[in-house]
file my_file.txt (compact mmCIF, C-alpha atoms and all ligand atoms)
# COMPACT_ATOMS: atom_id res chain seq x y z
CA MET N 201 -46.32 -90.24 116.78
CA SER N 202 -45.58 -91.48 113.27
CA GLN N 203 -43.95 -89.37 110.56
CA SER N 204 -46.98 -89.52 108.33
CA ILE N 205 -49.25 -87.17 106.44
CA VAL N 206 -53.04 -87.33 106.32
CA VAL N 207 -55.03 -85.37 103.74
CA ILE N 208 -58.71 -84.65 104.40
CA ALA N 209 -60.51 -84.71 101.04
CA GLU N 210 -63.11 -82.09 100.23
CA HIS N 211 -65.97 -83.24 98.04
CA ALA N 212 -69.50 -82.33 97.00
CA GLU N 213 -72.18 -83.84 94.81
CA GLY N 214 -70.24 -87.04 94.14
CA GLN N 215 -67.03 -85.33 93.05
CA ALA N 216 -63.77 -84.36 94.70
CA ARG N 217 -63.28 -80.61 94.76
CA PRO N 218 -60.12 -79.45 92.92
CA ILE N 219 -58.50 -78.50 96.25
CA THR N 220 -58.37 -82.21 97.17
CA TYR N 221 -55.86 -82.78 94.34
CA GLU N 222 -53.94 -79.65 95.37
CA LEU N 223 -53.74 -81.07 98.92
CA ALA N 224 -52.32 -84.30 97.49
CA ALA N 225 -49.69 -82.24 95.60
CA PHE N 226 -48.93 -80.35 98.83
CA ALA N 227 -48.54 -83.66 100.72
CA ARG N 228 -46.14 -84.97 98.08
CA THR N 229 -44.05 -81.77 98.37
CA LEU N 230 -44.00 -82.11 102.17
CA GLN N 231 -43.12 -85.80 101.85
CA LYS N 232 -39.84 -84.89 100.11
CA GLU N 233 -38.75 -82.95 103.22
CA MET N 234 -39.39 -85.82 105.63
CA PRO N 235 -37.80 -89.21 106.26
CA SER N 236 -39.98 -91.66 104.25
CA PRO N 237 -43.40 -90.67 105.53
CA ASP N 238 -46.59 -92.36 104.47
CA ILE N 239 -49.48 -90.35 102.91
CA LYS N 240 -53.13 -91.27 103.46
CA ILE N 241 -56.21 -89.52 102.11
CA VAL N 242 -59.40 -89.62 104.19
CA ILE N 243 -62.82 -88.98 102.74
CA ILE N 244 -65.98 -88.82 104.87
CA GLY N 245 -69.60 -89.12 103.72
CA ASP N 246 -72.61 -91.34 103.27
CA ALA N 247 -71.84 -92.61 99.74
CA VAL N 248 -68.21 -91.85 98.96
CA ASP N 249 -67.07 -95.04 97.27
CA SER N 250 -66.91 -93.76 93.68
CA VAL N 251 -65.30 -90.46 94.63
CA ALA N 252 -62.74 -92.36 96.77
CA GLN N 253 -61.92 -94.55 93.74
CA ALA N 254 -61.51 -91.44 91.56
CA ILE N 255 -59.13 -89.84 94.08
CA ALA N 256 -57.06 -93.04 94.35
CA ARG N 257 -56.84 -93.24 90.54
CA ARG N 258 -55.84 -89.63 90.06
CA THR N 259 -53.36 -89.31 92.95
CA GLY N 260 -51.95 -92.85 93.21
CA LEU N 261 -52.32 -92.46 97.00
CA ASN N 262 -54.13 -94.78 99.41
CA VAL N 263 -57.62 -93.56 100.25
CA PHE N 264 -59.61 -94.37 103.39
CA ALA N 265 -63.32 -93.94 102.71
CA ILE N 266 -65.22 -93.53 105.97
CA ARG N 267 -68.91 -94.10 105.44
CA VAL N 268 -71.11 -92.26 107.92
CA PRO N 269 -74.69 -93.46 107.31
CA ASP N 270 -77.25 -90.68 106.70
CA LEU N 271 -74.62 -87.96 106.62
CA ALA N 272 -76.20 -85.53 104.21
CA GLY N 273 -73.39 -83.39 102.86
CA TYR N 274 -70.77 -81.82 105.09
CA ASN N 275 -71.21 -81.42 108.84
CA ALA N 276 -68.50 -79.93 111.08
CA GLU N 277 -69.56 -81.85 114.20
CA VAL N 278 -69.45 -85.21 112.40
CA TYR N 279 -66.12 -84.42 110.73
CA LYS N 280 -64.59 -83.47 114.10
CA ASN N 281 -66.00 -86.57 115.84
CA VAL N 282 -64.87 -89.01 113.17
CA LEU N 283 -61.47 -87.43 112.60
CA THR N 284 -60.73 -87.19 116.33
CA ASP N 285 -61.20 -90.97 116.64
CA VAL N 286 -59.25 -91.83 113.48
CA LEU N 287 -56.35 -89.43 114.04
CA THR N 288 -56.02 -90.30 117.75
CA ASP N 289 -55.45 -93.84 116.57
CA TRP N 290 -53.08 -93.02 113.68
CA ARG N 291 -51.21 -90.10 115.35
CA PRO N 292 -49.88 -88.61 112.09
CA SER N 293 -47.35 -85.78 112.23
CA HIS N 294 -49.18 -83.62 109.63
CA VAL N 295 -52.88 -83.31 108.80
CA CYS N 296 -53.76 -81.27 105.71
CA ALA N 297 -57.15 -79.67 105.08
CA ALA N 298 -58.30 -77.04 102.61
CA HIS N 299 -58.16 -73.38 103.59
CA SER N 300 -61.78 -73.08 102.53
CA THR N 301 -65.02 -72.28 104.31
CA GLN N 302 -65.32 -75.99 105.09
CA GLY N 303 -61.71 -76.56 106.17
CA LEU N 304 -61.72 -73.51 108.40
CA ASP N 305 -64.98 -74.69 109.90
CA PHE N 306 -63.59 -77.94 111.31
CA ALA N 307 -59.75 -77.79 111.30
CA PRO N 308 -59.09 -75.40 114.24
CA GLY N 309 -61.61 -77.21 116.50
CA LEU N 310 -60.16 -80.56 115.50
CA ALA N 311 -56.66 -79.31 116.35
CA VAL N 312 -57.88 -78.35 119.85
CA ARG N 313 -59.37 -81.82 120.40
CA LEU N 314 -56.16 -83.51 119.25
CA GLY N 315 -53.87 -81.17 121.19
CA ALA N 316 -52.22 -80.31 117.87
CA ALA N 317 -50.85 -77.04 116.50
CA CYS N 318 -52.82 -75.39 113.72
CA VAL N 319 -51.27 -73.31 110.94
CA THR N 320 -53.83 -71.75 108.61
CA GLY N 321 -53.51 -70.25 105.12
CA VAL N 322 -50.35 -72.19 104.20
CA GLU N 323 -48.94 -71.08 100.83
CA ALA N 324 -45.50 -72.72 100.75
CA ILE N 325 -43.16 -75.09 102.55
CA VAL N 326 -39.72 -73.72 103.46
CA LYS N 327 -36.75 -75.18 105.30
CA GLN N 328 -35.00 -73.08 107.95
CA ASP N 329 -32.03 -74.60 109.81
CA ASP N 330 -33.28 -78.08 108.93
CA ARG N 331 -36.71 -77.32 110.32
CA ILE N 332 -39.84 -77.50 108.18
CA CYS N 333 -41.72 -74.18 108.23
CA PHE N 334 -45.02 -73.24 106.65
CA ARG N 335 -45.28 -69.88 104.92
CA ARG N 336 -48.46 -67.85 105.43
CA ALA N 337 -49.49 -64.25 104.88
CA VAL N 338 -50.03 -61.90 107.81
CA TYR N 339 -51.34 -58.31 107.95
CA GLY N 340 -53.51 -58.85 104.87
CA GLY N 341 -50.61 -60.18 102.81
CA LYS N 342 -48.19 -57.31 103.51
CA ILE N 343 -45.79 -59.64 105.34
CA MET N 344 -45.09 -63.36 104.95
CA ALA N 345 -44.42 -65.39 108.12
CA ASP N 346 -42.62 -68.74 108.21
CA VAL N 347 -44.16 -70.78 111.03
CA HIS N 348 -42.61 -73.86 112.60
CA ALA N 349 -44.87 -76.02 114.76
CA ASN N 350 -43.26 -77.35 117.92
CA SER N 351 -46.00 -79.88 118.68
CA PRO N 352 -45.76 -83.50 117.51
CA MET N 353 -48.90 -83.08 115.39
CA VAL N 354 -49.84 -80.07 113.26
CA LEU N 355 -53.02 -79.30 111.34
CA LEU N 356 -52.44 -77.28 108.20
CA SER N 357 -55.05 -75.48 106.15
CA VAL N 358 -53.62 -75.06 102.66
CA LEU N 359 -54.64 -72.16 100.42
CA PRO N 360 -56.22 -73.12 97.10
CA GLY N 361 -54.16 -72.19 94.05
CA CYS N 362 -50.70 -72.67 95.62
CA PHE N 363 -49.85 -76.32 94.80
CA ALA N 364 -50.51 -77.47 91.24
CA PRO N 365 -51.83 -81.03 91.00
CA ASP N 366 -50.72 -83.39 88.26
CA PRO N 367 -53.42 -83.07 85.57
CA ARG N 368 -53.15 -86.79 84.62
CA ASP N 369 -54.07 -89.95 86.48
CA ALA N 370 -51.21 -91.54 88.44
CA ALA N 371 -49.22 -94.34 86.79
CA SER N 372 -50.74 -96.82 89.25
CA PRO N 373 -53.84 -96.16 91.36
CA GLY N 374 -53.77 -96.12 95.15
CA SER N 375 -55.84 -98.58 97.17
CA VAL N 376 -59.25 -97.79 98.65
CA LYS N 377 -60.15 -99.11 102.10
CA GLN N 378 -63.65 -98.60 103.42
CA TRP N 379 -65.22 -98.75 106.79
CA THR N 380 -68.32 -97.41 108.50
CA MET N 381 -68.51 -95.18 111.56
CA GLU N 382 -71.65 -94.00 113.35
CA SER N 383 -71.81 -90.32 114.20
CA ALA N 384 -74.86 -88.12 114.33
CA PRO N 385 -74.73 -84.35 114.72
CA GLU N 386 -76.33 -83.02 117.88
CA ARG N 387 -76.04 -79.29 117.47
CA SER N 388 -76.11 -78.44 113.77
CA PHE N 389 -77.86 -79.94 110.77
CA SER N 390 -77.57 -79.33 107.07
CA ARG N 391 -80.94 -78.59 105.54
CA GLY N 392 -79.64 -78.84 101.99
CA ILE N 393 -78.05 -76.52 99.49
CA ILE N 394 -79.94 -73.83 97.64
CA ARG N 395 -78.24 -72.96 94.40
CA LYS N 396 -78.43 -69.38 93.20
CA ASP N 397 -79.62 -68.99 89.67
CA ALA N 398 -76.56 -67.00 88.69
CA ASN N 399 -73.76 -67.92 86.36
CA ALA N 400 -70.16 -66.91 86.68
CA SER N 401 -69.34 -67.36 83.01
CA ALA N 402 -69.30 -63.59 82.28
CA VAL N 403 -66.43 -63.26 84.75
CA THR N 404 -64.54 -66.45 83.96
CA GLU N 405 -64.71 -65.90 80.19
CA ALA N 406 -63.88 -62.16 80.11
CA ASP N 407 -60.67 -60.89 78.48
CA VAL N 408 -60.63 -57.87 80.79
CA ILE N 409 -61.87 -57.74 84.38
CA VAL N 410 -62.35 -54.55 86.36
CA ALA N 411 -62.68 -55.55 90.01
CA ALA N 412 -64.03 -53.43 92.84
CA GLY N 413 -62.95 -53.69 96.46
CA ARG N 414 -64.09 -52.07 99.69
CA GLY N 415 -62.00 -49.06 98.66
CA ILE N 416 -64.80 -47.97 96.30
CA GLY N 417 -66.36 -46.70 99.53
CA ASP N 418 -69.94 -46.50 98.32
CA ARG N 419 -72.26 -48.58 96.14
CA ASP N 420 -72.79 -45.54 93.90
CA HIS N 421 -69.11 -45.63 92.93
CA LEU N 422 -69.73 -48.97 91.20
CA ASP N 423 -70.89 -46.84 88.31
CA LEU N 424 -67.22 -45.82 87.81
CA ILE N 425 -66.19 -49.48 87.71
CA TYR N 426 -68.87 -50.31 85.09
CA ARG N 427 -67.88 -47.27 83.00
CA LEU N 428 -64.21 -48.28 83.12
CA ALA N 429 -65.08 -51.87 82.13
CA ALA N 430 -67.20 -50.59 79.23
CA LEU N 431 -64.06 -49.15 77.60
CA PHE N 432 -62.86 -52.70 76.83
CA PRO N 433 -64.46 -55.31 74.58
CA LYS N 434 -65.28 -58.67 76.26
CA SER N 435 -64.97 -57.17 79.72
CA ALA N 436 -66.70 -57.95 83.03
CA VAL N 437 -67.06 -56.38 86.44
CA ALA N 438 -66.03 -58.44 89.47
CA GLY N 439 -65.31 -57.78 93.12
CA SER N 440 -63.76 -58.81 96.38
CA ARG N 441 -65.76 -60.78 98.89
CA ILE N 442 -66.53 -57.72 101.00
CA VAL N 443 -68.20 -56.01 98.06
CA CYS N 444 -70.30 -59.14 97.47
CA ASP N 445 -71.07 -59.52 101.20
CA ASN N 446 -72.33 -55.92 101.12
CA GLY N 447 -74.71 -56.94 98.35
CA TRP N 448 -73.12 -54.45 95.94
CA LEU N 449 -72.24 -57.25 93.49
CA ASP N 450 -73.54 -60.78 93.06
CA TYR N 451 -71.57 -63.68 94.55
CA ALA N 452 -71.15 -65.02 90.99
CA GLN N 453 -68.86 -62.00 90.49
CA GLN N 454 -66.65 -62.70 93.52
CA ILE N 455 -63.00 -63.47 92.82
CA GLY N 456 -60.94 -65.55 95.22
CA VAL N 457 -60.76 -68.79 97.14
CA THR N 458 -64.46 -68.82 97.87
CA GLY N 459 -65.37 -67.25 94.53
CA CYS N 460 -64.12 -67.64 90.97
CA THR N 461 -60.56 -68.21 89.81
CA VAL N 462 -59.86 -66.11 86.74
CA SER N 463 -57.00 -65.48 84.32
CA PRO N 464 -58.03 -62.64 81.97
CA ASN N 465 -55.51 -60.80 79.80
CA LEU N 466 -55.98 -57.69 81.95
CA TYR N 467 -57.16 -57.41 85.57
CA ILE N 468 -57.75 -53.92 87.01
CA ALA N 469 -58.06 -54.06 90.80
CA CYS N 470 -59.74 -50.92 92.19
CA GLY N 471 -59.60 -50.36 95.95
CA ILE N 472 -58.62 -53.97 96.69
CA SER N 473 -56.03 -54.55 99.43
CA GLY N 474 -54.68 -57.85 98.06
CA ALA N 475 -55.64 -60.28 100.82
CA ILE N 476 -54.33 -63.71 99.89
CA GLN N 477 -57.85 -65.11 99.63
CA HIS N 478 -58.50 -62.62 96.82
CA VAL N 479 -55.09 -62.82 95.16
CA SER N 480 -55.19 -66.61 94.86
CA GLY N 481 -58.20 -66.18 92.53
CA MET N 482 -56.61 -63.64 90.17
CA ARG N 483 -52.84 -63.97 90.26
CA GLY N 484 -52.93 -65.99 87.02
CA SER N 485 -54.08 -62.87 85.10
CA GLY N 486 -51.89 -61.80 82.18
CA PHE N 487 -51.36 -58.17 83.21
CA ILE N 488 -52.44 -56.64 86.52
CA VAL N 489 -53.09 -52.96 87.16
CA SER N 490 -54.00 -51.84 90.70
CA ILE N 491 -55.36 -48.55 91.96
CA ASN N 492 -54.98 -48.07 95.70
CA THR N 493 -54.42 -45.11 98.02
CA ASP N 494 -52.06 -47.19 100.20
CA SER N 495 -48.62 -47.40 98.57
CA LYS N 496 -47.87 -50.47 100.72
CA ALA N 497 -51.03 -52.40 99.75
CA ALA N 498 -50.27 -56.09 99.24
CA ILE N 499 -52.02 -56.08 95.84
CA PHE N 500 -49.03 -54.11 94.51
CA ASN N 501 -46.80 -57.16 95.14
CA VAL N 502 -48.59 -59.00 92.32
CA SER N 503 -49.25 -55.98 90.06
CA ASP N 504 -47.49 -54.97 86.83
CA VAL N 505 -48.66 -51.35 87.16
CA CYS N 506 -49.25 -49.79 90.60
CA ILE N 507 -51.28 -46.58 90.73
CA VAL N 508 -51.23 -44.87 94.14
CA GLU N 509 -54.32 -42.71 93.78
CA ASP N 510 -57.85 -42.24 95.03
CA LEU N 511 -59.92 -44.25 92.56
CA VAL N 512 -62.81 -41.79 92.80
CA THR N 513 -60.55 -39.08 91.39
CA PHE N 514 -58.41 -41.24 89.11
CA ILE N 515 -60.97 -43.33 87.21
CA PRO N 516 -63.06 -40.38 85.89
CA ILE N 517 -59.84 -38.70 84.67
CA LEU N 518 -58.78 -41.95 82.98
CA ILE N 519 -62.16 -42.34 81.26
CA GLU N 520 -62.24 -38.67 80.24
CA THR N 521 -58.71 -38.81 78.81
CA HIS N 522 -59.58 -41.93 76.84
CA GLU N 523 -62.77 -40.32 75.48
CA LYS N 524 -60.89 -37.16 74.45
CA ARG N 525 -58.23 -39.20 72.63
CA CYS N 526 -60.90 -41.18 70.80
CA GLU N 527 -62.66 -37.96 69.84
CA ALA N 528 -59.40 -36.45 68.56
CA SER N 529 -58.64 -39.52 66.46
CA GLY N 530 -62.23 -39.98 65.22
CA MET N 531 -62.57 -43.39 66.95
CA ASN N 532 -65.60 -44.60 68.86
CA PRO N 533 -64.84 -44.41 72.59
C1 LIG N 601 -62.10 -68.41 104.48
C2 LIG N 601 -62.04 -67.07 103.82
C3 LIG N 601 -62.33 -67.01 102.48
C4 LIG N 601 -62.27 -65.77 101.83
N1 LIG N 601 -62.54 -65.75 100.50
C5 LIG N 601 -62.39 -64.57 99.84
C6 LIG N 601 -62.58 -64.53 98.42
O1 LIG N 601 -62.89 -65.51 97.76
N2 LIG N 601 -62.41 -63.33 97.80
C7 LIG N 601 -62.07 -62.19 98.47
O2 LIG N 601 -61.94 -61.13 97.83
N3 LIG N 601 -61.90 -62.21 99.81
C8 LIG N 601 -62.07 -63.37 100.51
N4 LIG N 601 -61.92 -63.37 101.86
C9 LIG N 601 -61.79 -62.07 102.55
C10 LIG N 601 -60.38 -61.53 102.49
O3 LIG N 601 -59.63 -62.05 103.58
C11 LIG N 601 -60.37 -59.98 102.62
O4 LIG N 601 -61.05 -59.60 103.79
C12 LIG N 601 -61.02 -59.30 101.42
O5 LIG N 601 -60.50 -59.79 100.21
C13 LIG N 601 -60.71 -57.80 101.51
O6 LIG N 601 -61.46 -57.15 100.53
P1 LIG N 601 -61.01 -55.74 100.00
O7 LIG N 601 -59.62 -55.81 99.46
O8 LIG N 601 -62.10 -55.28 99.08
O9 LIG N 601 -61.12 -54.83 101.30
P2 LIG N 601 -59.99 -54.23 102.25
O10 LIG N 601 -59.04 -55.28 102.68
O11 LIG N 601 -60.70 -53.45 103.29
O12 LIG N 601 -59.17 -53.24 101.31
C14 LIG N 601 -59.65 -52.03 100.81
C15 LIG N 601 -58.49 -51.37 100.07
O13 LIG N 601 -58.97 -50.20 99.43
C16 LIG N 601 -57.99 -49.18 99.54
N5 LIG N 601 -58.71 -47.90 99.41
C17 LIG N 601 -59.51 -47.30 100.32
N6 LIG N 601 -60.03 -46.17 99.79
C18 LIG N 601 -59.56 -46.09 98.53
C19 LIG N 601 -59.76 -45.15 97.46
N7 LIG N 601 -60.57 -44.10 97.61
N8 LIG N 601 -59.10 -45.34 96.30
C20 LIG N 601 -58.27 -46.41 96.13
N9 LIG N 601 -58.06 -47.33 97.10
C21 LIG N 601 -58.70 -47.17 98.27
C22 LIG N 601 -57.37 -49.40 100.90
O14 LIG N 601 -56.07 -48.84 100.97
C23 LIG N 601 -57.35 -50.93 100.99
O15 LIG N 601 -56.13 -51.45 100.50
C24 LIG N 601 -61.96 -64.58 102.53
C25 LIG N 601 -61.66 -64.65 103.89
C26 LIG N 601 -61.71 -65.89 104.53
C27 LIG N 601 -61.37 -65.94 105.99
call {"tool": "encode", "arguments": {"input": "my_file.txt", "output": "structure tokens", "more": "lines below"}}
Ligand SMILES: Cc1cc2nc3c(=O)[nH]c(=O)nc-3n(C[C@H](O)[C@H](O)[C@H](O)COP(=O)(O)OP(=O)(O)OC[C@H]3O[C@@H](n4cnc5c(N)ncnc54)[C@H](O)[C@@H]3O)c2cc1C
result
Amino acid sequence: MSQSIVVIAEHAEGQARPITYELAAFARTLQKEMPSPDIKIVIIGDAVDSVAQAIARRTGLNVFAIRVPDLAGYNAEVYKNVLTDVLTDWRPSHVCAAHSTQGLDFAPGLAVRLGAACVTGVEAIVKQDDRICFRRAVYGGKIMADVHANSPMVLLSVLPGCFAPDPRDAASPGSVKQWTMESAPERSFSRGIIRKDANASAVTEADVIVAAGRGIGDRDHLDLIYRLAALFPKSAVAGSRIVCDNGWLDYAQQIGVTGCTVSPNLYIACGISGAIQHVSGMRGSGFIVSINTDSKAAIFNVSDVCIVEDLVTFIPILIETHEKRCEASGMNP
């Protein structure tokens, strides 16, 4: 087993996804804790040459472009087949994938095939008694756990938004090596991507975001969220994934790792627990106010103002108070 780090690039439509560069930054941070390890980036696809070149230029790391003929987009079976062969040969100590829908689709199964440990949702690297540990949230972000893997190889899924990549190209580009591997999926096929005709710009460009979580309890309570948002100019309504999964809001309004990343001046989180997948999409907000009935909700850890109240009672009082004040001062509410 070599002390080396392998990064699995995530890409779509001829471009590396931003998380690929965050994974490279994560690998560089990990590299500093280890005795002179080597870092390799692997990218898999049918036509990945130009994206491999772009990754090598930006990161300065060596990229291995594995061409799988006729591989249309991402396929978990093919990724697991190809990576099992390559990583069995290389035997790296650390394999880094994105903590994304895609990464979580193939990384745990790949770890089983390689007999490796798997630590998901990694947010930080910490040293404890000279051992490298990976920090991840448990119990919906209420507690952080530092996990040390005892196995010679460990697969890590790294949360987006935790490791900032260098915004410039590296001083000297890495090399790109290419080879072809045959692998055809037997059990699952991609039939293409259907894009929704929705745009997320209202959310990403808003100065104020009022976000609804499962704690709103009922679709009808969304009215409260819209009324609260209407008090602010250039505001937008957003939500947690559960609210979008329920069909209460559009996916273009979802905040988090699998939704939008936002940084408005003010973010009001209503009935949102603060799961790390949500927080990583909004923790860059200027000022965060959270309303939650649970005084120990993880969202309070990243909030400037924590309101322990039932939102169904609190928001109407807040709106009413604001309207009365405006009336008293002759301002438009
Ligand atoms: C790969 C992956 C990707 C994911 N991507 C995302 C993502 O992009 N975005 C995202 O949001 N999630 C994402 N998730 C889901 C995430 O893990 C959480 O499940 C989700 O964020 C929880 O949503 P929530 O806070 O609305 O609901 P819950 O966790 O159920 O929290 C509801 C909160 O409301 C509070 N509450 C209840 N009633 C009231 C009331 N009357 N007044 C005030 N507060 C009340 C409760 O105390 C609780 O804290 C992802 C998960 C995975 C595995």
call {"tool": "atom_distance", "arguments": {"input": "my_file.txt", "atom1": "atom C6 of ligand LIG 601 (chain N)", "atom2": "atom CA of N:Tyr221"}}
result
19.9 Å
call {"tool": "closest_residue", "arguments": {"input": "my_file.txt", "among": "N:Glu527, N:Asp285, N:Glu210, N:Asp329", "to": "N:Leu314", "atoms": "only C-alpha atoms"}}
result
N:Asp285
call {"tool": "residues_near_ligand", "arguments": {"input": "my_file.txt", "ligand": "ligand LIG 601 (chain N)", "cutoff": "9 Å", "atoms": "all atoms listed in the file", "output": "PyMOL selection string"}}
result
chain N and resi 299-305+321+340+412-417+439-444+454-461+469-481+490-499+507-514
call {"tool": "atom_distance", "arguments": {"input": "my_file.txt", "atom1": "atom CA of N:Ala411", "atom2": "atom CA of N:Gln453"}}
result
8.9 Å
call {"tool": "atom_distance", "arguments": {"input": "my_file.txt", "atom1": "atom CA of N:Ser375", "atom2": "atom CA of N:Asn262"}}
result
4.7 Å
call {"tool": "residues_around", "arguments": {"input": "my_file.txt", "residues": "stretch 231-233 of chain N", "least_positions_apart": "3", "cutoff": "9 Å", "atoms": "all atoms listed in the file", "output": "PDB file with C-alpha atoms, keeping the file's coordinate frame"}}
result
ATOM      1  CA  SER N 204     -46.980 -89.520 108.330  1.00  0.00           C
ATOM      2  CA  ILE N 205     -49.250 -87.170 106.440  1.00  0.00           C
ATOM      3  CA  PHE N 226     -48.930 -80.350  98.830  1.00  0.00           C
ATOM      4  CA  ALA N 227     -48.540 -83.660 100.720  1.00  0.00           C
ATOM      5  CA  ARG N 228     -46.140 -84.970  98.080  1.00  0.00           C
ATOM      6  CA  SER N 236     -39.980 -91.660 104.250  1.00  0.00           C
ATOM      7  CA  PRO N 237     -43.400 -90.670 105.530  1.00  0.00           C
ATOM      8  CA  ASP N 238     -46.590 -92.360 104.470  1.00  0.00           C
ATOM      9  CA  ILE N 239     -49.480 -90.350 102.910  1.00  0.00           C
ATOM     10  CA  LYS N 327     -36.750 -75.180 105.300  1.00  0.00           C
ATOM     11  CA  ILE N 332     -39.840 -77.500 108.180  1.00  0.00           C
TER      12      ILE N 332
END
call {"tool": "closest_residue", "arguments": {"input": "my_file.txt", "among": "N:Cys526, N:Ile394, N:Ser202, N:Val347", "to": "N:Pro235", "atoms": "all atoms listed in the file"}}
result
N:Ser202
call {"tool": "residues_around", "arguments": {"input": "my_file.txt", "residues": "N:Glu213", "least_positions_apart": "3", "cutoff": "10 Å", "atoms": "all atoms listed in the file", "output": "PyMOL selection string"}}
result
chain N and resi 216-217+248+251+273
call {"tool": "build_atoms", "arguments": {"input": "my_file.txt", "residues": "stretch 334-348 of chain N", "atoms": "N, CA and C atoms", "output": "short mmCIF file (atom, residue, chain, number, x, y, z; two decimals), in the frame of the given file"}}
result
data_model
loop_
_atom_site.label_atom_id
_atom_site.label_comp_id
_atom_site.auth_asym_id
_atom_site.auth_seq_id
_atom_site.Cartn_x
_atom_site.Cartn_y
_atom_site.Cartn_z
N PHE N 334 -43.91 -73.46 107.57
CA PHE N 334 -45.02 -73.24 106.65
C PHE N 334 -45.21 -71.74 106.48
N ARG N 335 -45.21 -71.32 105.21
CA ARG N 335 -45.28 -69.88 104.92
C ARG N 335 -46.74 -69.45 104.80
N ARG N 336 -47.09 -68.38 105.49
CA ARG N 336 -48.46 -67.85 105.43
C ARG N 336 -48.42 -66.32 105.47
N ALA N 337 -49.44 -65.72 104.91
CA ALA N 337 -49.49 -64.25 104.88
C ALA N 337 -50.04 -63.71 106.20
N VAL N 338 -49.46 -62.60 106.64
CA VAL N 338 -50.03 -61.90 107.81
C VAL N 338 -50.23 -60.43 107.43
N TYR N 339 -51.00 -59.72 108.23
CA TYR N 339 -51.34 -58.31 107.95
C TYR N 339 -51.86 -58.14 106.52
N GLY N 340 -52.86 -58.97 106.17
CA GLY N 340 -53.51 -58.85 104.87
C GLY N 340 -52.57 -59.07 103.70
N GLY N 341 -51.52 -59.85 103.92
CA GLY N 341 -50.61 -60.18 102.81
C GLY N 341 -49.42 -59.25 102.69
N LYS N 342 -49.33 -58.25 103.61
CA LYS N 342 -48.19 -57.31 103.51
C LYS N 342 -46.89 -57.99 103.92
N ILE N 343 -46.99 -58.96 104.83
CA ILE N 343 -45.79 -59.64 105.34
C ILE N 343 -46.03 -61.15 105.25
N MET N 344 -44.97 -61.91 104.94
CA MET N 344 -45.09 -63.36 104.95
C MET N 344 -44.38 -63.88 106.21
N ALA N 345 -45.02 -64.82 106.91
CA ALA N 345 -44.42 -65.39 108.12
C ALA N 345 -44.13 -66.86 107.86
N ASP N 346 -42.95 -67.32 108.30
CA ASP N 346 -42.62 -68.74 108.21
C ASP N 346 -42.82 -69.34 109.60
N VAL N 347 -43.77 -70.26 109.71
CA VAL N 347 -44.16 -70.78 111.03
C VAL N 347 -43.68 -72.21 111.18
N HIS N 348 -43.00 -72.49 112.29
CA HIS N 348 -42.61 -73.86 112.60
C HIS N 348 -43.45 -74.34 113.79
#
